[in-house]
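This report concerns only the one structure given below.
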Amino acid sequence: VFPKAVVWALPCSLVSAGLHWLLSDENRSRAVGAGDVGASVLGGFTFILGFLIVFRSQQAYSRWWEGGTLLQQLRGEWFNAFSSCMAFCNNSEAKKHQVEVFEHKLVRLVSMLYGAALSQVSETSGTCFEFVEFSDFDKGSLDFMAQSHDRCEIVLQWIQRLIYEANDAQVIKVAPPILSRVYNQLGNGIVILNNARKINDFPIPFPLAQMITVMLILHWGLTAVVVATSVEQ
(Lines give C-alpha, C1' and ligand atoms only; values in the text may rest on other atoms or scores of the structure.)
Protein backbone atom coordinates (compact mmCIF):
# COMPACT_ATOMS: atom_id res chain seq x y z
CA VAL A 1 0.00 0.00 0.00
CA PHE A 2 2.68 2.50 1.02
CA PRO A 3 4.81 2.21 -2.16
CA LYS A 4 1.71 2.79 -4.30
CA ALA A 5 0.71 5.74 -2.13
CA VAL A 6 4.19 7.25 -2.53
CA VAL A 7 3.89 6.99 -6.33
CA TRP A 8 0.93 9.41 -6.18
CA ALA A 9 1.86 11.50 -3.14
CA LEU A 10 5.44 12.34 -4.14
CA PRO A 11 4.57 13.88 -7.55
CA CYS A 12 1.75 15.85 -5.91
CA SER A 13 4.20 17.22 -3.34
CA LEU A 14 6.67 18.20 -6.04
CA VAL A 15 3.96 19.90 -8.11
CA SER A 16 2.74 21.73 -5.00
CA ALA A 17 6.25 22.91 -4.17
CA GLY A 18 6.76 24.09 -7.75
CA LEU A 19 3.48 25.98 -7.81
CA HIS A 20 4.27 27.54 -4.44
CA TRP A 21 7.56 28.82 -5.83
CA LEU A 22 5.90 30.17 -8.97
CA LEU A 23 3.05 31.80 -7.02
CA SER A 24 5.28 33.23 -4.30
CA ASP A 25 4.46 36.68 -5.66
CA GLU A 26 1.31 37.97 -3.87
CA ASN A 27 -0.19 39.31 -7.11
CA ARG A 28 0.11 35.96 -8.80
CA SER A 29 -1.47 34.22 -5.82
CA ARG A 30 -4.45 36.58 -5.91
CA ALA A 31 -4.80 36.02 -9.65
CA VAL A 32 -5.18 32.29 -9.06
CA GLY A 33 -7.79 33.00 -6.37
CA ALA A 34 -7.33 29.75 -4.41
CA GLY A 35 -6.85 30.89 -0.86
CA ASP A 36 -9.01 30.17 2.16
CA VAL A 37 -12.09 29.73 -0.03
CA GLY A 38 -10.25 27.10 -2.04
CA ALA A 39 -9.32 25.27 1.13
CA SER A 40 -12.99 25.19 2.21
CA VAL A 41 -14.08 23.89 -1.18
CA LEU A 42 -11.34 21.26 -1.08
CA GLY A 43 -12.50 20.19 2.38
CA GLY A 44 -16.06 19.59 1.15
CA PHE A 45 -14.79 17.80 -1.95
CA THR A 46 -12.53 15.62 0.21
CA PHE A 47 -15.45 14.67 2.47
CA ILE A 48 -17.57 13.48 -0.47
CA LEU A 49 -14.64 11.63 -2.02
CA GLY A 50 -13.80 9.98 1.30
CA PHE A 51 -17.38 8.82 1.71
CA LEU A 52 -17.35 7.21 -1.75
CA ILE A 53 -13.99 5.52 -1.14
CA VAL A 54 -15.13 4.13 2.22
CA PHE A 55 -18.35 2.87 0.63
CA ARG A 56 -16.47 1.13 -2.17
CA SER A 57 -13.93 -0.34 0.27
CA GLN A 58 -16.74 -1.76 2.40
CA GLN A 59 -18.36 -3.28 -0.66
CA ALA A 60 -15.06 -4.77 -1.80
CA TYR A 61 -14.38 -6.31 1.61
CA SER A 62 -17.93 -7.65 1.82
CA ARG A 63 -17.61 -9.28 -1.61
CA TRP A 64 -14.21 -10.74 -0.70
CA TRP A 65 -15.52 -12.21 2.55
CA GLU A 66 -18.64 -13.56 0.85
CA GLY A 67 -16.53 -15.22 -1.84
CA GLY A 68 -14.29 -16.92 0.71
CA THR A 69 -17.30 -18.09 2.72
CA LEU A 70 -19.01 -19.52 -0.35
CA LEU A 71 -15.91 -21.44 -1.43
CA GLN A 72 -15.59 -22.99 2.02
CA GLN A 73 -19.26 -23.99 1.94
CA LEU A 74 -18.76 -25.43 -1.53
CA ARG A 75 -15.82 -27.50 -0.36
CA GLY A 76 -17.80 -28.76 2.63
CA GLU A 77 -20.81 -29.83 0.56
CA TRP A 78 -18.76 -31.74 -2.00
CA PHE A 79 -16.52 -33.29 0.65
CA ASN A 80 -19.56 -34.56 2.55
CA ALA A 81 -20.97 -36.05 -0.65
CA PHE A 82 -17.64 -37.71 -1.47
CA SER A 83 -17.08 -39.10 2.04
CA SER A 84 -20.65 -40.44 2.13
CA CYS A 85 -20.11 -42.35 -1.11
CA MET A 86 -16.93 -43.85 0.34
CA ALA A 87 -18.79 -44.89 3.49
CA PHE A 88 -21.64 -46.44 1.50
CA CYS A 89 -19.40 -48.82 -0.48
CA ASN A 90 -20.21 -52.52 -0.31
CA ASN A 91 -17.95 -54.56 2.01
CA SER A 92 -18.53 -57.82 0.19
CA GLU A 93 -15.41 -59.59 -1.07
CA ALA A 94 -17.18 -60.32 -4.34
CA LYS A 95 -17.50 -56.58 -5.01
CA LYS A 96 -14.00 -55.65 -3.86
CA HIS A 97 -12.60 -54.98 -7.34
CA GLN A 98 -15.66 -53.03 -8.46
CA VAL A 99 -15.56 -50.96 -5.27
CA GLU A 100 -11.90 -50.15 -5.85
CA VAL A 101 -12.58 -49.05 -9.44
CA PHE A 102 -15.50 -46.92 -8.27
CA GLU A 103 -13.45 -45.23 -5.54
CA HIS A 104 -10.60 -44.40 -7.92
CA LYS A 105 -12.97 -42.91 -10.47
CA LEU A 106 -14.83 -40.92 -7.83
CA VAL A 107 -11.62 -39.46 -6.41
CA ARG A 108 -10.48 -38.32 -9.84
CA LEU A 109 -13.86 -36.87 -10.80
CA VAL A 110 -14.29 -34.95 -7.53
CA SER A 111 -10.77 -33.57 -7.93
CA MET A 112 -11.63 -32.51 -11.47
CA LEU A 113 -14.92 -30.99 -10.31
CA TYR A 114 -13.33 -28.85 -7.61
CA GLY A 115 -10.50 -27.77 -9.91
CA ALA A 116 -12.99 -26.74 -12.60
CA ALA A 117 -14.94 -24.78 -9.98
CA LEU A 118 -11.82 -22.90 -8.85
CA SER A 119 -10.89 -22.10 -12.44
CA GLN A 120 -14.33 -20.54 -13.00
CA VAL A 121 -14.09 -18.16 -10.05
CA SER A 122 -10.39 -17.37 -10.43
CA GLU A 123 -9.51 -13.97 -11.88
CA THR A 124 -5.88 -14.91 -12.59
CA SER A 125 -5.33 -16.02 -16.17
CA GLY A 126 -3.12 -19.01 -16.82
CA THR A 127 -3.50 -20.45 -13.31
CA CYS A 128 -2.82 -24.19 -13.16
CA PHE A 129 -4.51 -26.29 -10.49
CA GLU A 130 -3.39 -29.68 -9.30
CA PHE A 131 -5.54 -32.70 -10.09
CA VAL A 132 -5.48 -36.34 -9.19
CA GLU A 133 -4.24 -37.95 -12.39
CA PHE A 134 -6.97 -39.01 -14.81
CA SER A 135 -5.00 -40.88 -17.45
CA ASP A 136 -7.56 -43.69 -17.48
CA PHE A 137 -10.35 -41.42 -18.71
CA ASP A 138 -11.40 -41.34 -22.32
CA LYS A 139 -9.53 -38.60 -24.20
CA GLY A 140 -12.58 -37.70 -26.26
CA SER A 141 -14.61 -37.10 -23.11
CA LEU A 142 -11.87 -34.95 -21.61
CA ASP A 143 -11.66 -32.87 -24.79
CA PHE A 144 -15.42 -32.42 -24.77
CA MET A 145 -15.31 -31.32 -21.14
CA ALA A 146 -12.43 -28.89 -21.79
CA GLN A 147 -14.28 -27.24 -24.70
CA SER A 148 -17.68 -27.06 -23.01
CA HIS A 149 -19.19 -23.80 -21.80
CA ASP A 150 -19.50 -24.96 -18.20
CA ARG A 151 -17.04 -27.71 -17.26
CA CYS A 152 -18.51 -28.12 -13.77
CA GLU A 153 -21.89 -29.14 -15.14
CA ILE A 154 -20.29 -31.81 -17.32
CA VAL A 155 -18.18 -33.27 -14.51
CA LEU A 156 -21.13 -33.14 -12.11
CA GLN A 157 -23.19 -35.15 -14.59
CA TRP A 158 -20.40 -37.72 -14.82
CA ILE A 159 -20.30 -38.04 -11.01
CA GLN A 160 -24.06 -38.43 -10.73
CA ARG A 161 -24.05 -41.05 -13.46
CA LEU A 162 -21.18 -42.90 -11.77
CA ILE A 163 -23.04 -42.97 -8.45
CA TYR A 164 -26.22 -44.19 -10.14
CA GLU A 165 -24.40 -47.02 -11.92
CA ALA A 166 -22.59 -47.99 -8.70
CA ASN A 167 -25.86 -48.12 -6.82
CA ASP A 168 -27.49 -50.17 -9.57
CA ALA A 169 -24.57 -52.64 -9.51
CA GLN A 170 -24.72 -52.89 -5.70
CA VAL A 171 -21.25 -51.35 -5.42
CA ILE A 172 -22.93 -48.84 -3.11
CA LYS A 173 -25.14 -50.49 -0.54
CA VAL A 174 -27.41 -47.98 1.17
CA ALA A 175 -31.09 -47.11 1.32
CA PRO A 176 -32.27 -44.77 -1.49
CA PRO A 177 -33.46 -41.99 0.87
CA ILE A 178 -29.99 -41.82 2.41
CA LEU A 179 -28.28 -41.89 -0.98
CA SER A 180 -30.46 -39.00 -2.12
CA ARG A 181 -28.60 -36.79 0.35
CA VAL A 182 -25.48 -37.22 -1.76
CA TYR A 183 -27.30 -35.84 -4.80
CA ASN A 184 -28.64 -32.97 -2.71
CA GLN A 185 -25.16 -32.06 -1.49
CA LEU A 186 -23.77 -32.17 -5.02
CA GLY A 187 -26.61 -29.92 -6.19
CA ASN A 188 -26.13 -27.54 -3.28
CA GLY A 189 -22.47 -27.24 -4.23
CA ILE A 190 -23.36 -26.12 -7.76
CA VAL A 191 -25.80 -23.52 -6.39
CA ILE A 192 -23.10 -22.18 -4.06
CA LEU A 193 -20.63 -22.11 -6.95
CA ASN A 194 -23.01 -20.01 -9.05
CA ASN A 195 -23.35 -17.56 -6.16
CA ALA A 196 -19.55 -17.32 -5.98
CA ARG A 197 -19.32 -16.80 -9.75
CA LYS A 198 -21.77 -13.91 -9.39
CA ILE A 199 -19.10 -11.94 -7.53
CA ASN A 200 -16.68 -12.41 -10.41
CA ASP A 201 -19.22 -11.89 -13.20
CA PHE A 202 -20.76 -8.70 -11.75
CA PRO A 203 -18.00 -6.31 -10.65
CA ILE A 204 -18.38 -2.86 -9.11
CA PRO A 205 -20.57 -0.76 -11.48
CA PHE A 206 -18.42 0.94 -14.12
CA PRO A 207 -19.91 4.46 -13.69
CA LEU A 208 -19.21 4.39 -9.95
CA ALA A 209 -15.64 3.20 -10.46
CA GLN A 210 -14.98 5.83 -13.13
CA MET A 211 -16.52 8.61 -11.04
CA ILE A 212 -14.26 7.78 -8.11
CA THR A 213 -11.23 7.62 -10.39
CA VAL A 214 -11.97 11.02 -11.94
CA MET A 215 -12.59 12.54 -8.50
CA LEU A 216 -9.27 11.17 -7.24
CA ILE A 217 -7.44 12.76 -10.17
CA LEU A 218 -9.21 16.08 -9.59
CA HIS A 219 -8.42 15.87 -5.89
CA TRP A 220 -4.76 15.27 -6.73
CA GLY A 221 -4.61 18.47 -8.81
CA LEU A 222 -6.74 20.59 -6.47
CA THR A 223 -4.65 19.62 -3.45
CA ALA A 224 -1.47 20.77 -5.14
CA VAL A 225 -2.99 24.15 -6.11
CA VAL A 226 -4.66 24.81 -2.74
CA VAL A 227 -1.57 23.88 -0.73
CA ALA A 228 0.65 26.01 -2.97
CA THR A 229 -1.56 29.08 -2.51
CA SER A 230 -2.47 28.57 1.16
CA VAL A 231 0.97 27.93 2.65
CA GLU A 232 2.88 31.16 3.16
CA GLN A 233 6.33 29.70 3.73
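Following the order of the C-alpha coordinates, first chain is A, next is B, and so on, with residues numbered from 1 inside each chain and ligands from 1 in the order they appear.
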
Proximity check range 125-156 of chain A to range 184-187 of chain A, 12 Å, nearest pairs one decimal Å, only C-alpha atoms, as a Markdown table:
| residue | atom | partner | partner_atom | distance |
| --- | --- | --- | --- | --- |
| A:Cys152 | CA | A:Leu186 | CA | 11.0 |
| A:Glu153 | CA | A:Gly187 | CA | 10.1 |
| A:Val155 | CA | A:Leu186 | CA | 11.1 |
| A:Leu156 | CA | A:Leu186 | CA | 7.6 |

**Item:** Polymer residues at most 12 Å from range 123-140 of chain A, only C-alpha atoms, same-chain spacing of 3 or more positions, as a PyMOL selection string
**Value:** chain A and resi 101+104-120+143-147+158+197+199-201+203

What's around Trp65 in chain A at 12 Å? Count only C-alpha atoms, leave out sequence neighbours fewer than 6 positions away in its own chain, and write the answer as a PDB file with all heavy atoms, in the first residue's frame.
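Writing the result to out.pdb gives the following:
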ATOM      1  N   GLN A  58     -15.855  -0.854   1.658  1.00  0.00           N
ATOM      2  CA  GLN A  58     -16.739  -1.755   2.400  1.00  0.00           C
ATOM      3  C   GLN A  58     -17.369  -2.790   1.480  1.00  0.00           C
ATOM      4  O   GLN A  58     -17.480  -3.973   1.832  1.00  0.00           O
ATOM      5  CB  GLN A  58     -17.823  -0.962   3.113  1.00  0.00           C
ATOM      6  CG  GLN A  58     -17.316  -0.143   4.293  1.00  0.00           C
ATOM      7  CD  GLN A  58     -18.419   0.686   4.937  1.00  0.00           C
ATOM      8  OE1 GLN A  58     -19.479   0.902   4.331  1.00  0.00           O
ATOM      9  NE2 GLN A  58     -18.187   1.155   6.148  1.00  0.00           N
ATOM     10  N   GLN A  59     -17.789  -2.342   0.295  1.00  0.00           N
ATOM     11  CA  GLN A  59     -18.362  -3.281  -0.662  1.00  0.00           C
ATOM     12  C   GLN A  59     -17.342  -4.309  -1.120  1.00  0.00           C
ATOM     13  O   GLN A  59     -17.645  -5.502  -1.250  1.00  0.00           O
ATOM     14  CB  GLN A  59     -18.917  -2.520  -1.871  1.00  0.00           C
ATOM     15  CG  GLN A  59     -20.131  -1.673  -1.567  1.00  0.00           C
ATOM     16  CD  GLN A  59     -21.329  -2.493  -1.150  1.00  0.00           C
ATOM     17  OE1 GLN A  59     -21.628  -3.515  -1.748  1.00  0.00           O
ATOM     18  NE2 GLN A  59     -22.007  -2.065  -0.107  1.00  0.00           N
ATOM     19  N   LEU A  71     -16.829 -20.383  -1.010  1.00  0.00           N
ATOM     20  CA  LEU A  71     -15.909 -21.441  -1.430  1.00  0.00           C
ATOM     21  C   LEU A  71     -15.720 -22.480  -0.323  1.00  0.00           C
ATOM     22  O   LEU A  71     -15.591 -23.676  -0.603  1.00  0.00           O
ATOM     23  CB  LEU A  71     -14.562 -20.836  -1.825  1.00  0.00           C
ATOM     24  CG  LEU A  71     -14.533 -20.079  -3.149  1.00  0.00           C
ATOM     25  CD1 LEU A  71     -13.143 -19.528  -3.425  1.00  0.00           C
ATOM     26  CD2 LEU A  71     -14.967 -20.983  -4.305  1.00  0.00           C
ATOM     27  N   GLN A  72     -15.693 -22.032   0.922  1.00  0.00           N
ATOM     28  CA  GLN A  72     -15.593 -22.995   2.020  1.00  0.00           C
ATOM     29  C   GLN A  72     -16.859 -23.839   2.132  1.00  0.00           C
ATOM     30  O   GLN A  72     -16.787 -25.049   2.392  1.00  0.00           O
ATOM     31  CB  GLN A  72     -15.335 -22.249   3.335  1.00  0.00           C
ATOM     32  CG  GLN A  72     -13.957 -21.602   3.421  1.00  0.00           C
ATOM     33  CD  GLN A  72     -12.830 -22.614   3.316  1.00  0.00           C
ATOM     34  OE1 GLN A  72     -12.909 -23.699   3.877  1.00  0.00           O
ATOM     35  NE2 GLN A  72     -11.781 -22.257   2.599  1.00  0.00           N
ATOM     36  N   ALA A 196     -20.931 -17.825  -6.004  1.00  0.00           N
ATOM     37  CA  ALA A 196     -19.554 -17.323  -5.978  1.00  0.00           C
ATOM     38  C   ALA A 196     -19.163 -16.727  -7.332  1.00  0.00           C
ATOM     39  O   ALA A 196     -18.450 -15.712  -7.389  1.00  0.00           O
ATOM     40  CB  ALA A 196     -18.593 -18.448  -5.597  1.00  0.00           C
ATOM     41  N   ILE A 199     -20.011 -12.991  -7.987  1.00  0.00           N
ATOM     42  CA  ILE A 199     -19.098 -11.938  -7.532  1.00  0.00           C
ATOM     43  C   ILE A 199     -18.090 -11.609  -8.622  1.00  0.00           C
ATOM     44  O   ILE A 199     -17.720 -10.442  -8.812  1.00  0.00           O
ATOM     45  CB  ILE A 199     -18.385 -12.384  -6.244  1.00  0.00           C
ATOM     46  CG1 ILE A 199     -19.419 -12.681  -5.153  1.00  0.00           C
ATOM     47  CG2 ILE A 199     -17.386 -11.352  -5.773  1.00  0.00           C
ATOM     48  CD1 ILE A 199     -18.817 -13.240  -3.879  1.00  0.00           C
TER      49      ILE A 199
END

**Message:** Counting only C-alpha atoms, which residue out of A:Val171, A:Val214, A:Ile178, A:Val226 sits closest to Lys96 in chain A?
**Reply:**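 So, comparing all the options, the nearest one is A:Val171.
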
**Item:** Counting only C-alpha atoms, the option among A:Phe51, A:Leu216, A:Ala166, A:Asp150 closest to Glu100 in chain A
**Value:** A:Ala166

**Request:** Please return as JSON, numbers by chain: the residues of range 32-168 of chain A that backbone DSSP assigns to alpha helix (DSSP H).
**Result:** {"A": [32, 36, 37, 38, 39, 40, 41, 42, 43, 44, 45, 46, 47, 48, 49, 50, 51, 52, 53, 54, 55, 56, 57, 58, 59, 60, 61, 62, 63, 64, 65, 66, 67, 68, 69, 70, 71, 72, 73, 74, 75, 76, 77, 78, 79, 80, 81, 82, 83, 84, 85, 86, 87, 96, 97, 98, 99, 100, 101, 102, 103, 104, 105, 106, 107, 108, 109, 110, 111, 112, 113, 114, 115, 116, 117, 118, 119, 120, 121, 139, 140, 141, 142, 143, 144, 145, 146, 147, 151, 152, 153, 154, 155, 156, 157, 158, 159, 160, 161, 162, 163, 164, 165, 166, 167, 168]}

**Request:** Provide the CA of Val54 in chain A to CA of Pro207 in chain A distance in Å, to one decimal place.
**Result:**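 Going from CA of Val54 in chain A over to CA of Pro207 in chain A covers 16.6 Å.
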
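Using only C-alpha atoms, the protein and nucleic acid residues lying no more than 12 Å from Ser84 in chain A, apart from those fewer than 2 places from it along its own chain, are Glu77, Trp78, Phe79, Asn80, Ala81, Phe82, Met86, Ala87, Phe88, Cys89, Glu103, Leu106, Ile163, Ile172, Lys173, Val174, Ile178, Leu179, Ser180, Arg181, Val182, Tyr183, Asn184, Gln185 and Leu186 of chain A.
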
**Request:** Measure the distance from CA of Phe2 in chain A to CA of Leu208 in chain A in Å and round it to one decimal.
**Result:** 24.6 Å

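You can rank A:Leu162, A:Leu10, A:Ile217, A:Leu193 by their closest distance to Arg75 in chain A using only C-alpha atoms, and at the top of that list sits A:Leu193.
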
**Request:** Considering only C-alpha atoms, state which residue in the set A:Ala209, A:Met215, A:Ala60, A:Val225 is at the smallest distance from Phe45 in chain A.
**Result:** A:Met215

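With only C-alpha atoms as the basis for measurement, A:Ile212 is the residue among A:Val6, A:Ile212, A:Leu142, A:Ile154 that approaches Ser57 in chain A most closely.
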
**Request:** To one decimal in Å, tell me the separation between CA of Met211 in chain A and CA of His20 in chain A.
**Result:** 28.9 Å
